[in-house]
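Next comes protein-v9.cif, with mmCIF, C-alpha atoms and all ligand atoms.
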```
data_data
loop_
_atom_site.label_atom_id
_atom_site.label_comp_id
_atom_site.auth_asym_id
_atom_site.auth_seq_id
_atom_site.Cartn_x
_atom_site.Cartn_y
_atom_site.Cartn_z
CA MET A 23 0.00 0.00 0.00
CA MET A 24 1.38 3.39 -0.99
CA ASN A 25 0.35 6.64 0.65
CA VAL A 26 0.87 9.86 -1.35
CA LYS A 27 0.11 13.17 0.37
CA VAL A 28 0.39 16.44 -1.51
CA LEU A 29 0.75 19.58 0.62
CA THR A 30 -0.55 22.53 -1.36
CA LEU A 31 -2.48 25.81 -1.19
CA PHE A 32 -4.75 24.48 -3.98
CA PRO A 33 -5.98 20.96 -3.10
CA THR A 34 -8.83 21.11 -5.66
CA PHE A 35 -6.18 21.18 -8.41
CA PHE A 36 -5.92 17.39 -7.92
CA ASP A 37 -9.68 16.58 -8.12
CA SER A 38 -9.78 15.55 -11.79
CA PHE A 39 -6.53 13.56 -11.36
CA LYS A 40 -8.10 11.48 -8.58
CA GLU A 41 -11.26 10.91 -10.60
CA THR A 42 -9.77 9.86 -13.92
CA SER A 43 -8.85 6.55 -15.57
CA ILE A 44 -5.97 4.45 -14.26
CA ILE A 45 -5.36 6.61 -11.19
CA LYS A 46 -9.03 6.43 -10.20
CA ARG A 47 -8.92 2.64 -10.53
CA ALA A 48 -5.78 2.41 -8.34
CA LEU A 49 -7.40 4.57 -5.65
CA ASP A 50 -10.69 2.63 -5.81
CA LYS A 51 -8.82 -0.68 -5.49
CA GLY A 52 -7.11 0.57 -2.36
CA SER A 53 -3.55 -0.16 -3.55
CA VAL A 54 -2.82 3.57 -3.34
CA HIS A 55 -4.04 6.31 -1.04
CA PHE A 56 -3.81 9.84 -2.45
CA GLU A 57 -4.70 12.99 -0.56
CA ALA A 58 -4.23 16.71 -1.20
CA ILE A 59 -3.90 18.71 2.02
CA ASN A 60 -4.04 22.48 2.42
CA PHE A 61 -1.08 24.17 4.16
CA ARG A 62 -3.55 26.82 5.26
CA ASP A 63 -5.20 24.31 7.63
CA TYR A 64 -1.99 24.50 9.70
CA THR A 65 -1.42 28.25 9.94
CA LEU A 66 -1.51 29.84 13.38
CA ASP A 67 -1.68 33.33 11.85
CA LYS A 68 -4.78 35.26 12.93
CA HIS A 69 -5.50 36.26 9.31
CA ASN A 70 -4.87 32.72 8.02
CA ASN A 71 -1.81 33.87 6.05
CA VAL A 72 0.79 31.33 4.98
CA ASP A 73 3.18 33.70 3.16
CA ASP A 74 5.17 36.81 3.96
CA THR A 75 7.43 39.38 2.31
CA ILE A 76 11.09 38.58 1.69
CA CYS A 77 13.69 39.59 4.27
CA GLY A 78 16.15 42.08 2.79
CA GLY A 79 13.55 43.37 0.36
CA GLY A 80 12.59 42.56 -3.21
CA ALA A 81 9.42 41.66 -5.03
CA GLY A 82 7.17 38.76 -4.12
CA MET A 83 6.30 36.56 -1.17
CA LEU A 84 7.63 33.38 0.40
CA LEU A 85 5.83 30.54 2.13
CA ALA A 86 6.68 30.94 5.81
CA CYS A 87 8.20 28.26 8.05
CA GLN A 88 5.42 27.78 10.61
CA PRO A 89 2.48 26.54 8.49
CA ILE A 90 4.68 24.49 6.16
CA VAL A 91 6.77 22.79 8.84
CA ASP A 92 3.68 22.09 10.99
CA ALA A 93 1.93 20.57 7.94
CA ILE A 94 4.97 18.35 7.27
CA LYS A 95 5.24 17.27 10.92
CA ALA A 96 1.51 16.49 11.16
CA ASN A 97 1.50 14.36 8.01
CA ARG A 98 4.84 12.58 7.98
CA THR A 99 5.59 9.17 9.46
CA PRO A 100 9.12 8.25 10.65
CA ASP A 101 9.84 6.80 7.19
CA SER A 102 8.05 9.27 4.92
CA LYS A 103 10.00 10.62 1.97
CA VAL A 104 9.44 14.39 1.90
CA VAL A 105 9.88 15.78 -1.62
CA MET A 106 9.88 19.47 -2.58
CA LEU A 107 9.01 20.29 -6.21
CA SER A 108 11.24 23.06 -7.50
CA PRO A 109 13.19 24.04 -10.62
CA GLN A 110 16.33 23.81 -8.45
CA GLY A 111 15.73 20.09 -7.79
CA LYS A 112 17.17 16.92 -9.28
CA LYS A 113 15.76 16.49 -12.79
CA LEU A 114 13.08 13.77 -12.92
CA ASP A 115 13.71 10.75 -15.13
CA GLN A 116 12.37 7.18 -15.09
CA LYS A 117 15.24 6.04 -12.83
CA LEU A 118 14.31 8.67 -10.22
CA VAL A 119 10.62 7.70 -10.64
CA HIS A 120 11.55 4.10 -9.71
CA GLU A 121 13.53 5.30 -6.67
CA LEU A 122 10.64 7.48 -5.46
CA ALA A 123 8.10 4.69 -6.07
CA ARG A 124 9.99 2.45 -3.61
CA ASN A 125 8.72 4.62 -0.74
CA ASP A 126 5.42 3.54 0.82
CA ASP A 127 4.91 7.01 2.28
CA ILE A 128 5.62 10.06 0.17
CA ILE A 129 4.87 13.73 0.85
CA LEU A 130 5.02 16.20 -2.04
CA LEU A 131 5.44 19.91 -1.20
CA CYS A 132 4.04 22.41 -3.69
CA GLY A 133 5.36 25.96 -3.50
CA HIS A 134 3.84 29.09 -4.97
CA TYR A 135 5.12 32.66 -5.26
CA GLU A 136 8.91 32.74 -4.98
CA GLY A 137 8.91 29.43 -3.10
CA PHE A 138 9.74 28.52 0.49
CA ASP A 139 11.78 30.06 3.27
CA GLU A 140 15.21 28.42 2.90
CA ARG A 141 14.96 26.87 6.40
CA ILE A 142 12.13 24.58 5.19
CA ARG A 143 14.75 22.60 3.26
CA ASP A 144 15.94 21.16 6.61
CA TYR A 145 12.63 19.22 6.71
CA VAL A 146 12.88 17.96 3.13
CA ASP A 147 14.55 14.71 2.01
CA GLU A 148 14.68 15.40 -1.70
CA GLU A 149 14.17 18.30 -4.12
CA VAL A 150 12.84 17.30 -7.56
CA SER A 151 12.35 19.27 -10.79
CA ILE A 152 10.20 17.97 -13.65
CA GLY A 153 12.29 19.94 -16.17
CA ASP A 154 14.05 23.17 -17.05
CA PHE A 155 11.03 25.43 -17.41
CA VAL A 156 9.10 27.62 -14.98
CA LEU A 157 5.64 26.76 -13.62
CA THR A 158 3.32 29.03 -11.63
CA GLY A 159 3.38 26.54 -8.76
CA GLY A 160 4.52 23.08 -7.74
CA GLU A 161 1.08 21.50 -8.33
CA PRO A 162 1.53 20.45 -11.98
CA ALA A 163 4.92 18.99 -11.02
CA ALA A 164 3.43 17.07 -8.07
CA LEU A 165 0.74 15.73 -10.39
CA VAL A 166 3.41 14.49 -12.83
CA VAL A 167 5.42 12.82 -10.05
CA SER A 168 2.28 11.25 -8.51
CA ASP A 169 1.11 9.86 -11.83
CA ALA A 170 4.50 8.39 -12.71
CA ILE A 171 5.02 6.67 -9.32
CA ILE A 172 1.44 5.43 -8.85
CA ARG A 173 1.48 3.63 -12.21
CA LEU A 174 4.56 1.64 -11.15
CA ARG A 175 2.93 0.20 -8.04
CA ASP A 176 1.68 -3.41 -7.86
CA GLY A 177 -1.32 -4.09 -9.98
CA VAL A 178 -1.93 -0.54 -11.21
CA ILE A 179 -1.21 -1.52 -14.81
CA ARG A 180 -0.46 -4.91 -16.39
CA SER A 181 3.20 -5.62 -15.63
CA ASP A 182 3.96 -6.87 -19.16
CA SER A 183 2.82 -3.52 -20.50
CA HIS A 184 5.64 -1.78 -18.52
CA GLU A 185 8.58 -3.43 -20.19
CA ASP A 186 8.09 -1.99 -23.65
CA ASP A 187 7.49 1.54 -22.35
CA SER A 188 9.80 4.25 -23.56
CA PHE A 189 12.76 4.55 -21.11
CA GLU A 190 12.13 1.27 -19.27
CA ASN A 191 14.67 -0.33 -21.61
CA GLY A 192 16.60 2.89 -22.26
CA LEU A 193 15.14 3.26 -25.78
CA LEU A 194 12.19 5.08 -27.27
CA GLU A 195 9.14 2.98 -28.12
CA TYR A 196 8.85 1.34 -31.54
CA PRO A 197 6.06 2.53 -33.91
CA GLN A 198 2.67 0.88 -33.29
CA TYR A 199 -0.38 0.52 -35.52
CA THR A 200 -3.99 -0.56 -35.27
CA ARG A 201 -6.55 -1.31 -38.00
CA PRO A 202 -7.23 -0.52 -40.79
CA VAL A 203 -4.20 -1.99 -42.58
CA ALA A 204 -4.53 0.81 -45.18
CA PHE A 205 -5.38 4.40 -44.18
CA GLU A 206 -5.28 7.15 -46.85
CA GLY A 207 -2.76 5.00 -48.70
CA LYS A 208 -0.52 4.60 -45.66
CA MET A 209 0.09 0.94 -44.84
CA VAL A 210 0.79 -1.01 -41.66
CA PRO A 211 4.23 -2.63 -42.19
CA ASP A 212 3.79 -6.16 -43.64
CA VAL A 213 5.91 -7.83 -40.98
CA LEU A 214 3.41 -6.81 -38.28
CA MET A 215 0.64 -8.68 -40.13
CA SER A 216 2.83 -11.76 -40.83
CA GLY A 217 2.33 -13.56 -37.52
CA HIS A 218 6.09 -14.28 -37.48
CA HIS A 219 6.92 -13.45 -33.83
CA GLU A 220 10.72 -13.48 -34.17
CA ASN A 221 10.66 -11.18 -37.20
CA ILE A 222 8.24 -8.87 -35.38
CA ARG A 223 10.56 -8.77 -32.35
CA LYS A 224 13.54 -7.89 -34.55
CA TRP A 225 11.61 -5.21 -36.45
CA ARG A 226 10.43 -3.61 -33.22
CA LEU A 227 13.91 -3.62 -31.72
CA LYS A 228 15.41 -2.08 -34.85
CA GLU A 229 12.71 0.61 -35.14
CA SER A 230 13.10 1.38 -31.42
CA LEU A 231 16.80 1.92 -32.06
CA ARG A 232 16.05 4.03 -35.16
CA LYS A 233 13.67 6.36 -33.29
CA THR A 234 16.17 6.72 -30.47
CA TYR A 235 19.07 7.37 -32.88
CA LEU A 236 17.08 10.01 -34.80
CA ARG A 237 15.31 11.75 -31.91
CA ARG A 238 17.28 11.10 -28.72
CA PRO A 239 20.87 10.18 -29.63
CA ASP A 240 21.83 11.27 -26.08
CA LEU A 241 20.09 8.12 -24.75
CA LEU A 242 22.39 5.90 -26.83
CA GLU A 243 25.54 7.44 -25.34
CA THR A 244 24.98 5.85 -21.93
CA ARG A 245 23.13 2.67 -22.96
CA LYS A 246 25.14 -0.50 -23.49
CA LEU A 247 24.19 -2.29 -26.75
CA ASN A 248 24.31 -6.06 -27.17
CA GLU A 249 25.59 -7.66 -30.39
CA GLU A 250 22.18 -7.69 -32.10
CA GLU A 251 21.42 -4.08 -31.13
CA HIS A 252 24.88 -2.98 -32.30
CA LYS A 253 24.32 -4.67 -35.70
CA PHE A 254 20.91 -3.01 -36.11
CA LEU A 255 22.34 0.38 -35.19
CA GLN A 256 25.08 0.07 -37.84
CA GLU A 257 22.39 -0.81 -40.43
CA ILE A 258 20.31 2.20 -39.33
CA ILE A 259 23.27 4.59 -39.62
CA GLU A 260 23.86 3.34 -43.22
CA GLU A 261 20.14 3.51 -44.10
CA GLU A 262 19.76 7.02 -42.73
CA LYS A 263 22.86 8.17 -44.68
CA GLN A 264 21.24 6.83 -47.89
CA SER A 265 17.91 8.54 -47.20
CA ARG A 266 19.56 11.96 -46.68
N1 LIG B 301 9.72 21.42 -11.56
N2 LIG B 301 8.03 25.60 -10.17
C1 LIG B 301 7.66 25.65 -7.74
C2 LIG B 301 7.81 27.77 -6.53
C3 LIG B 301 9.10 27.38 -5.88
C4 LIG B 301 10.31 28.08 -6.11
C5 LIG B 301 11.45 27.67 -5.47
C6 LIG B 301 10.19 25.95 -4.41
C7 LIG B 301 11.39 26.62 -4.60
C8 LIG B 301 8.96 23.43 -11.06
C9 LIG B 301 9.62 22.66 -12.04
C10 LIG B 301 8.66 24.88 -11.18
C11 LIG B 301 8.00 27.05 -10.24
C12 LIG B 301 7.28 25.03 -9.06
C13 LIG B 301 8.38 27.66 -8.89
N3 LIG B 301 9.07 26.34 -5.03
N4 LIG B 301 8.69 22.63 -10.05
N5 LIG B 301 7.56 27.12 -7.81
N6 LIG B 301 10.08 23.05 -13.20
O1 LIG B 301 8.99 25.45 -12.18
O2 LIG B 301 9.16 21.40 -10.34
#
```
Would you encode the structure as structure tokens?
Amino acid sequence: MMNVKVLTLFPTFFDSFKETSIIKRALDKGSVHFEAINFRDYTLDKHNNVDDTICGGGAGMLLACQPIVDAIKANRTPDSKVVMLSPQGKKLDQKLVHELARNDDIILLCGHYEGFDERIRDYVDEEVSIGDFVLTGGEPAALVVSDAIIRLRDGVIRSDSHEDDSFENGLLEYPQYTRPVAFEGKMVPDVLMSGHHENIRKWRLKESLRKTYLRRPDLLETRKLNEEEHKFLQEIIEEEKQSR
């Protein structure tokens, strides 16, 4: 059982996430608990404020220590993983998704404005960024992280449908088709209709390598290739030279 708590000023942001498709099914089954909790419920400020101006001056506001730290303390267990979403964090990739998904208890902190008082980082185990771009708040990032970790948990999706996913084997996914076999003159490759499983496997592997070589050559720099993959990649490099 996994328990994901999102601490946010905007808990309703997550309503459609909880109520949709695979995530809804996981929550209904009880294999995952997901909850969005409002920092504001923890403020001791008489006006219910959670933010304040920045010491030393400058534009904008920061989330203050008291409501945030009290919200963390009230919701964490001794082995919770407390994760702050921020553009200064470790860049999310499928390897980090797997590491995060190992935790049964995870708390995601969503900042707004200019972010958090620096001292809040003493209560955080990990800082994660979903990419080098700027969001208005941590909520879309927390939604991305929640979705990616929940789908890896037991029984959320068929386990044999994981293995071919982009990134799970370090390559982009091969092209896939459904009927009709001919659409506006564009055909499904013959091999996929042949019923020859070994030829289909080889075609998929080669086209996976081709997509990765053409679109994400950076992924091939760190991935070890076996003999078959190496042979296919050499063929692809020749074929792509011809076609240019
Ligand atoms: N991947 N943002 C968080 C406020 C903030 C600033 C500093 C903590 C520290 C983002 C991203 C992202 C914008 C969410 C700034 N919080 N989060 N917010 N990219 O851009 O995760």
Within 7 Å of Met24 of chain A using only C-alpha atoms, minus same-chain residues under 5 positions, as a ChimeraX atom specification
/A:53-55,126-127
Radius query 10 Å about (-2.1, 20.8, 5.7), atoms used: only C-alpha atoms, as number ranges by chain:
A: 27-31, 33, 58-65, 89-97
Give me a file of those residues, with C-alpha atoms, as a short mmCIF file (atom, residue, chain, number, x, y, z; two decimals), in the frame of the given file.
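This went into again_2.cif:
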```cif
data_model
loop_
_atom_site.label_atom_id
_atom_site.label_comp_id
_atom_site.auth_asym_id
_atom_site.auth_seq_id
_atom_site.Cartn_x
_atom_site.Cartn_y
_atom_site.Cartn_z
CA LYS A 27 0.11 13.17 0.37
CA VAL A 28 0.39 16.44 -1.51
CA LEU A 29 0.75 19.58 0.62
CA THR A 30 -0.55 22.53 -1.36
CA LEU A 31 -2.48 25.81 -1.19
CA PRO A 33 -5.98 20.96 -3.10
CA ALA A 58 -4.23 16.71 -1.20
CA ILE A 59 -3.90 18.71 2.02
CA ASN A 60 -4.04 22.48 2.42
CA PHE A 61 -1.08 24.17 4.16
CA ARG A 62 -3.55 26.82 5.26
CA ASP A 63 -5.20 24.31 7.63
CA TYR A 64 -1.99 24.50 9.70
CA THR A 65 -1.42 28.25 9.94
CA PRO A 89 2.48 26.54 8.49
CA ILE A 90 4.68 24.49 6.16
CA VAL A 91 6.77 22.79 8.84
CA ASP A 92 3.68 22.09 10.99
CA ALA A 93 1.93 20.57 7.94
CA ILE A 94 4.97 18.35 7.27
CA LYS A 95 5.24 17.27 10.92
CA ALA A 96 1.51 16.49 11.16
CA ASN A 97 1.50 14.36 8.01
#
```
Excluding segment 212-223 of chain A and any residue of its chain fewer than 5 positions from it, enumerate the residues within 12 Å of it, using all atoms listed in the file, and give them as a PyMOL selection string.
chain A and resi 186+196-204+228-230+250-251
Could I get the residue neighbourhood of ligand LIG 301 (chain B) at 6 Å, counting only C-alpha atoms and all ligand atoms, as a PDB file with C-alpha atoms, keeping the file's coordinate frame?
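Done, and the output landed in selection26.pdb:
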```pdb
ATOM      1  CA  LEU A 107       9.010  20.290  -6.210  1.00  0.00           C
ATOM      2  CA  SER A 108      11.240  23.060  -7.500  1.00  0.00           C
ATOM      3  CA  PRO A 109      13.190  24.040 -10.620  1.00  0.00           C
ATOM      4  CA  GLY A 133       5.360  25.960  -3.500  1.00  0.00           C
ATOM      5  CA  HIS A 134       3.840  29.090  -4.970  1.00  0.00           C
ATOM      6  CA  TYR A 135       5.120  32.660  -5.260  1.00  0.00           C
ATOM      7  CA  GLU A 136       8.910  32.740  -4.980  1.00  0.00           C
ATOM      8  CA  GLY A 137       8.910  29.430  -3.100  1.00  0.00           C
ATOM      9  CA  PHE A 138       9.740  28.520   0.490  1.00  0.00           C
ATOM     10  CA  SER A 151      12.350  19.270 -10.790  1.00  0.00           C
ATOM     11  CA  ILE A 152      10.200  17.970 -13.650  1.00  0.00           C
ATOM     12  CA  GLY A 153      12.290  19.940 -16.170  1.00  0.00           C
ATOM     13  CA  ASP A 154      14.050  23.170 -17.050  1.00  0.00           C
ATOM     14  CA  PHE A 155      11.030  25.430 -17.410  1.00  0.00           C
ATOM     15  CA  VAL A 156       9.100  27.620 -14.980  1.00  0.00           C
ATOM     16  CA  LEU A 157       5.640  26.760 -13.620  1.00  0.00           C
ATOM     17  CA  THR A 158       3.320  29.030 -11.630  1.00  0.00           C
ATOM     18  CA  GLY A 159       3.380  26.540  -8.760  1.00  0.00           C
ATOM     19  CA  GLY A 160       4.520  23.080  -7.740  1.00  0.00           C
ATOM     20  CA  ALA A 163       4.920  18.990 -11.020  1.00  0.00           C
TER      21      ALA A 163
END
```
Please, what distance in Å, to one decimal, runs between atom CA of Thr75 of chain A and atom CA of Leu130 of chain A?
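Spanning atom CA of Thr75 of chain A to atom CA of Leu130 of chain A is a straight-line distance of 23.7 Å.
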Show me, as an MDAnalysis selection string, the residues that have an atom within 12 Å of Leu242 of chain A when counting only C-alpha atoms, minus same-chain residues fewer than 2 positions from it.
chainID A and resid 189 191:194 230:240 244:247 251:252 255
Excluding segment 38-51 of chain A and residues on its chain fewer than 3 positions from it, collect all residues at most 12 Å away from it, counting only C-alpha atoms, and give them as a PyMOL selection string.
chain A and resi 23-26+33-35+54-58+161-162+164-166+168-180
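Across the model, the gap from atom CA of Gly82 of chain A to atom CA of Val167 of chain A is 26.7 Å.
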Grab the atom CA of Asp115 of chain A to atom CA of Leu85 of chain A distance for me, in Å with one decimal place.
27.4 Å
Name the residues in contact with segment 139-141 of chain A at a cut-off of 7 Å, using all atoms listed in the file, excluding same-chain residues fewer than 6 positions from it; report them as a VMD selection string.
chain A and resid 84 to 87
Here is a test: counting all atoms listed in the file, which residue of A:Val150, A:Val104, A:Met83, A:Leu227 is nearest to Ile128 of chain A?
A:Val104
Distance criterion (only C-alpha atoms): nearest to Leu118 of chain A out of A:Glu190, A:Ala81, A:Ser183, A:Val146:
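Closest candidate: A:Glu190.
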Rank nothing, just name the residue among A:Asp147, A:Glu261, A:Asp187, A:Glu249 nearest to Ser102 of chain A, using only C-alpha atoms.
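Nearest to Ser102 of chain A: A:Asp147.
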